[in-house]
Amino acid sequence: MAEHLASIFGTEKDRVNCPFYFKIGACRHGDRCSRLHNKPTLSQTILMSNMYQSPEAALAAQTQAGGLAPPNIDPRQLQEHFEDFYEDIFEELATFGEIEGLNVCDNLADHMVGSVYVKYREEESALAALNALSGRFYAGRPILCEFSPVTDFRESTCRQYEENTCTRGGYCNFMHLKPISKDLRKILFGRYKKREEPRDDRGGERGGAPRDERERGGGERGRGGDERG
């Protein structure tokens, strides 16, 4: 019996534990989910919920509320805005320890939009970052951070999105991770020369008090299917 329970833990066959929380550290049902969300007390990975505010998503929400079509935005400006954010938080987060991956969700669902995942090499680094960032602000908004059960982003990522074939768009139940340029990745992760370059496990971020926060004022991977979450 114990072996059977262990084999189905975190899968759709597990009727007790939420498979989507286990795989992506978030669930669209939130506290109303009928299955358990086993939140880790310590992890290599920290989740900062809804942290990245995409200009595209903000404009889309505004125009949709007004019944208008969203305006076209130069993709290069969007990428520049994102990479400025990415570099800013990477440098801040890196003050707490070596970063193995920094990932930002491009999903649109409320429980995933703009969420940032940072995976450290050591759990102690993640703990230091969590303690330092809790209660702080970025771009005038509080940083909401917690330990995440996700340590293998290959199991959390939508393969169809990477292949530009996901039919669920921004409301896919698996992670759509915003990419950064190879040049920026080399600059940020190149400091860890003795370590193998990260496999989009997947990206990187800063640590400490991000630039804008200095106003402190004090399913399977890629399936993108219709499982719970």
# chains A, B, ... in the order shown; residues from 1 in each chain; ligands from 1
call {"tool": "residues_around", "arguments": {"residues": "His29 of chain A", "least_positions_apart": "3", "cutoff": "12 Å", "atoms": "only C-alpha atoms", "output": "ChimeraX atom specification"}}
result
/A:18,20-21,26,32-37,109-112,173,228-229
call {"tool": "write_last_selection", "arguments": {"atoms": "all heavy atoms", "output": "short mmCIF file (atom, residue, chain, number, x, y, z; two decimals), in the first residue's frame"}}
result
data_model
loop_
_atom_site.label_atom_id
_atom_site.label_comp_id
_atom_site.auth_asym_id
_atom_site.auth_seq_id
_atom_site.Cartn_x
_atom_site.Cartn_y
_atom_site.Cartn_z
N CYS A 18 -2.92 17.66 -4.48
CA CYS A 18 -3.14 18.35 -5.75
C CYS A 18 -1.94 18.18 -6.68
O CYS A 18 -0.84 18.63 -6.36
CB CYS A 18 -3.38 19.84 -5.48
SG CYS A 18 -3.57 20.84 -6.97
N PHE A 20 -1.33 19.62 -9.56
CA PHE A 20 -0.86 20.86 -10.16
C PHE A 20 -0.06 21.70 -9.18
O PHE A 20 0.92 22.34 -9.55
CB PHE A 20 -2.01 21.66 -10.77
CG PHE A 20 -2.17 21.37 -12.23
CD1 PHE A 20 -2.83 20.23 -12.63
CD2 PHE A 20 -1.60 22.18 -13.17
CE1 PHE A 20 -2.94 19.93 -13.98
CE2 PHE A 20 -1.70 21.90 -14.53
CZ PHE A 20 -2.38 20.76 -14.92
N TYR A 21 -0.46 21.69 -7.92
CA TYR A 21 0.36 22.41 -6.95
C TYR A 21 1.72 21.75 -6.83
O TYR A 21 2.75 22.42 -6.72
CB TYR A 21 -0.32 22.45 -5.57
CG TYR A 21 0.49 23.25 -4.59
CD1 TYR A 21 0.46 24.64 -4.61
CD2 TYR A 21 1.35 22.62 -3.70
CE1 TYR A 21 1.26 25.39 -3.75
CE2 TYR A 21 2.15 23.35 -2.85
CZ TYR A 21 2.10 24.72 -2.87
OH TYR A 21 2.90 25.45 -2.04
N ALA A 26 1.35 26.15 -7.95
CA ALA A 26 0.16 27.02 -7.99
C ALA A 26 -1.02 26.20 -8.50
O ALA A 26 -0.84 25.19 -9.18
CB ALA A 26 0.40 28.22 -8.90
N ARG A 32 -9.68 26.90 -2.34
CA ARG A 32 -10.91 26.15 -2.55
C ARG A 32 -10.67 24.78 -3.17
O ARG A 32 -11.62 24.01 -3.37
CB ARG A 32 -11.87 26.94 -3.45
CG ARG A 32 -12.26 28.31 -2.89
CD ARG A 32 -13.34 28.97 -3.75
NE ARG A 32 -12.96 29.04 -5.15
CZ ARG A 32 -12.20 30.00 -5.67
NH1 ARG A 32 -11.74 30.97 -4.89
NH2 ARG A 32 -11.91 30.01 -6.96
N CYS A 33 -9.42 24.47 -3.46
CA CYS A 33 -9.09 23.19 -4.08
C CYS A 33 -9.50 22.04 -3.16
O CYS A 33 -9.34 22.11 -1.95
CB CYS A 33 -7.59 23.10 -4.37
SG CYS A 33 -7.10 21.59 -5.25
N SER A 34 -10.05 20.99 -3.75
CA SER A 34 -10.52 19.84 -2.98
C SER A 34 -9.37 18.92 -2.56
O SER A 34 -9.57 18.01 -1.76
CB SER A 34 -11.54 19.04 -3.78
OG SER A 34 -10.96 18.56 -4.99
N ARG A 35 -8.19 19.18 -3.09
CA ARG A 35 -7.02 18.37 -2.74
C ARG A 35 -6.02 19.20 -1.95
O ARG A 35 -6.05 20.43 -1.97
CB ARG A 35 -6.37 17.79 -4.00
CG ARG A 35 -7.35 16.99 -4.85
CD ARG A 35 -6.65 16.27 -5.98
NE ARG A 35 -7.57 15.96 -7.05
CZ ARG A 35 -7.24 15.26 -8.14
NH1 ARG A 35 -6.01 14.83 -8.29
NH2 ARG A 35 -8.13 15.02 -9.08
N LEU A 36 -5.13 18.52 -1.27
CA LEU A 36 -4.18 19.20 -0.40
C LEU A 36 -3.07 19.88 -1.18
O LEU A 36 -2.57 19.34 -2.17
CB LEU A 36 -3.56 18.19 0.58
CG LEU A 36 -4.51 17.53 1.60
CD1 LEU A 36 -3.73 16.53 2.45
CD2 LEU A 36 -5.16 18.60 2.48
N HIS A 37 -2.67 21.06 -0.71
CA HIS A 37 -1.49 21.75 -1.22
C HIS A 37 -0.40 21.62 -0.14
O HIS A 37 -0.44 22.31 0.87
CB HIS A 37 -1.79 23.23 -1.48
CG HIS A 37 -2.72 23.45 -2.61
ND1 HIS A 37 -3.15 24.71 -3.01
CD2 HIS A 37 -3.33 22.58 -3.46
CE1 HIS A 37 -3.97 24.59 -4.04
NE2 HIS A 37 -4.09 23.31 -4.34
N ALA A 109 -3.56 33.44 -16.64
CA ALA A 109 -4.47 33.07 -15.56
C ALA A 109 -4.02 33.73 -14.25
O ALA A 109 -2.82 33.90 -14.01
CB ALA A 109 -4.51 31.55 -15.39
N ASP A 110 -4.99 34.11 -13.43
CA ASP A 110 -4.68 34.88 -12.22
C ASP A 110 -3.66 34.22 -11.31
O ASP A 110 -2.85 34.90 -10.68
CB ASP A 110 -5.97 35.13 -11.41
CG ASP A 110 -6.92 36.09 -12.12
OD1 ASP A 110 -6.47 36.80 -13.03
OD2 ASP A 110 -8.10 36.13 -11.74
N HIS A 111 -3.68 32.90 -11.21
CA HIS A 111 -2.79 32.23 -10.26
C HIS A 111 -1.37 32.05 -10.81
O HIS A 111 -0.49 31.59 -10.08
CB HIS A 111 -3.36 30.86 -9.87
CG HIS A 111 -3.43 29.87 -11.00
ND1 HIS A 111 -4.24 30.05 -12.10
CD2 HIS A 111 -2.78 28.69 -11.20
CE1 HIS A 111 -4.10 29.01 -12.92
NE2 HIS A 111 -3.21 28.19 -12.40
N MET A 112 -1.13 32.48 -12.07
CA MET A 112 0.20 32.31 -12.65
C MET A 112 0.75 33.58 -13.30
O MET A 112 1.97 33.69 -13.49
CB MET A 112 0.16 31.18 -13.70
CG MET A 112 -0.16 29.82 -13.13
SD MET A 112 -0.26 28.54 -14.42
CE MET A 112 1.47 28.36 -14.86
N ASN A 173 -2.56 25.36 -18.41
CA ASN A 173 -2.33 24.98 -17.03
C ASN A 173 -0.86 24.72 -16.71
O ASN A 173 -0.52 24.51 -15.54
CB ASN A 173 -3.14 23.72 -16.69
CG ASN A 173 -4.62 24.01 -16.61
OD1 ASN A 173 -5.03 25.08 -16.19
ND2 ASN A 173 -5.43 23.05 -17.02
N ARG A 228 -6.61 19.18 -13.55
CA ARG A 228 -6.92 20.17 -12.53
C ARG A 228 -5.75 21.10 -12.35
O ARG A 228 -4.65 20.78 -12.66
CB ARG A 228 -7.22 19.48 -11.20
CG ARG A 228 -8.44 18.60 -11.24
CD ARG A 228 -8.54 17.83 -9.95
NE ARG A 228 -8.39 18.74 -8.82
CZ ARG A 228 -9.37 19.46 -8.32
NH1 ARG A 228 -10.55 19.39 -8.89
NH2 ARG A 228 -9.19 20.26 -7.29
N GLY A 229 -5.98 22.28 -11.75
CA GLY A 229 -4.87 23.16 -11.44
C GLY A 229 -5.32 24.58 -11.41
O GLY A 229 -6.21 24.96 -12.08
#
call {"tool": "select_by_dssp", "arguments": {"residues": "segment 6-159 of chain A", "states": "helix (DSSP H, G or I)", "output": "count of residues only"}}
result
60
call {"tool": "closest_residue", "arguments": {"among": "A:Gly101, A:Pro142, A:Pro179, A:Pro149", "to": "Glu162 of chain A", "atoms": "only C-alpha atoms"}}
result
A:Pro179
call {"tool": "atom_distance", "arguments": {"atom1": "atom CA of Cys27 of chain A", "atom2": "atom CA of Leu130 of chain A"}}
result
20.9 Å
call {"tool": "atom_distance", "arguments": {"atom1": "atom CA of Tyr117 of chain A", "atom2": "atom CA of Arg28 of chain A"}}
result
17.1 Å
call {"tool": "residues_around", "arguments": {"residues": "Ser125 of chain A", "least_positions_apart": "4", "cutoff": "12 Å", "atoms": "only C-alpha atoms", "output": "PyMOL selection string"}}
result
chain A and resi 42-46+93-100+118-121+129-132+147+207-208
call {"tool": "closest_residue", "arguments": {"among": "A:Cys172, A:Leu133, A:Glu56, A:Met51", "to": "Arg159 of chain A", "atoms": "only C-alpha atoms"}}
result
A:Cys172
call {"tool": "residues_around", "arguments": {"residues": "Leu177 of chain A", "least_positions_apart": "4", "cutoff": "8 Å", "atoms": "only C-alpha atoms", "output": "list in words"}}
result
Asn103, Val104, Cys105, Asp106, Asn107 and Thr157 of chain A
call {"tool": "select_by_dssp", "arguments": {"residues": "segment 27-137 of chain A", "states": "strand (DSSP E)", "output": "VMD selection string"}}
result
chain A and resid 45 to 48 99 to 104 116 to 120 137
call {"tool": "atom_distance", "arguments": {"atom1": "atom CA of Gln53 of chain A", "atom2": "atom CA of Gly114 of chain A"}}
result
6.1 Å
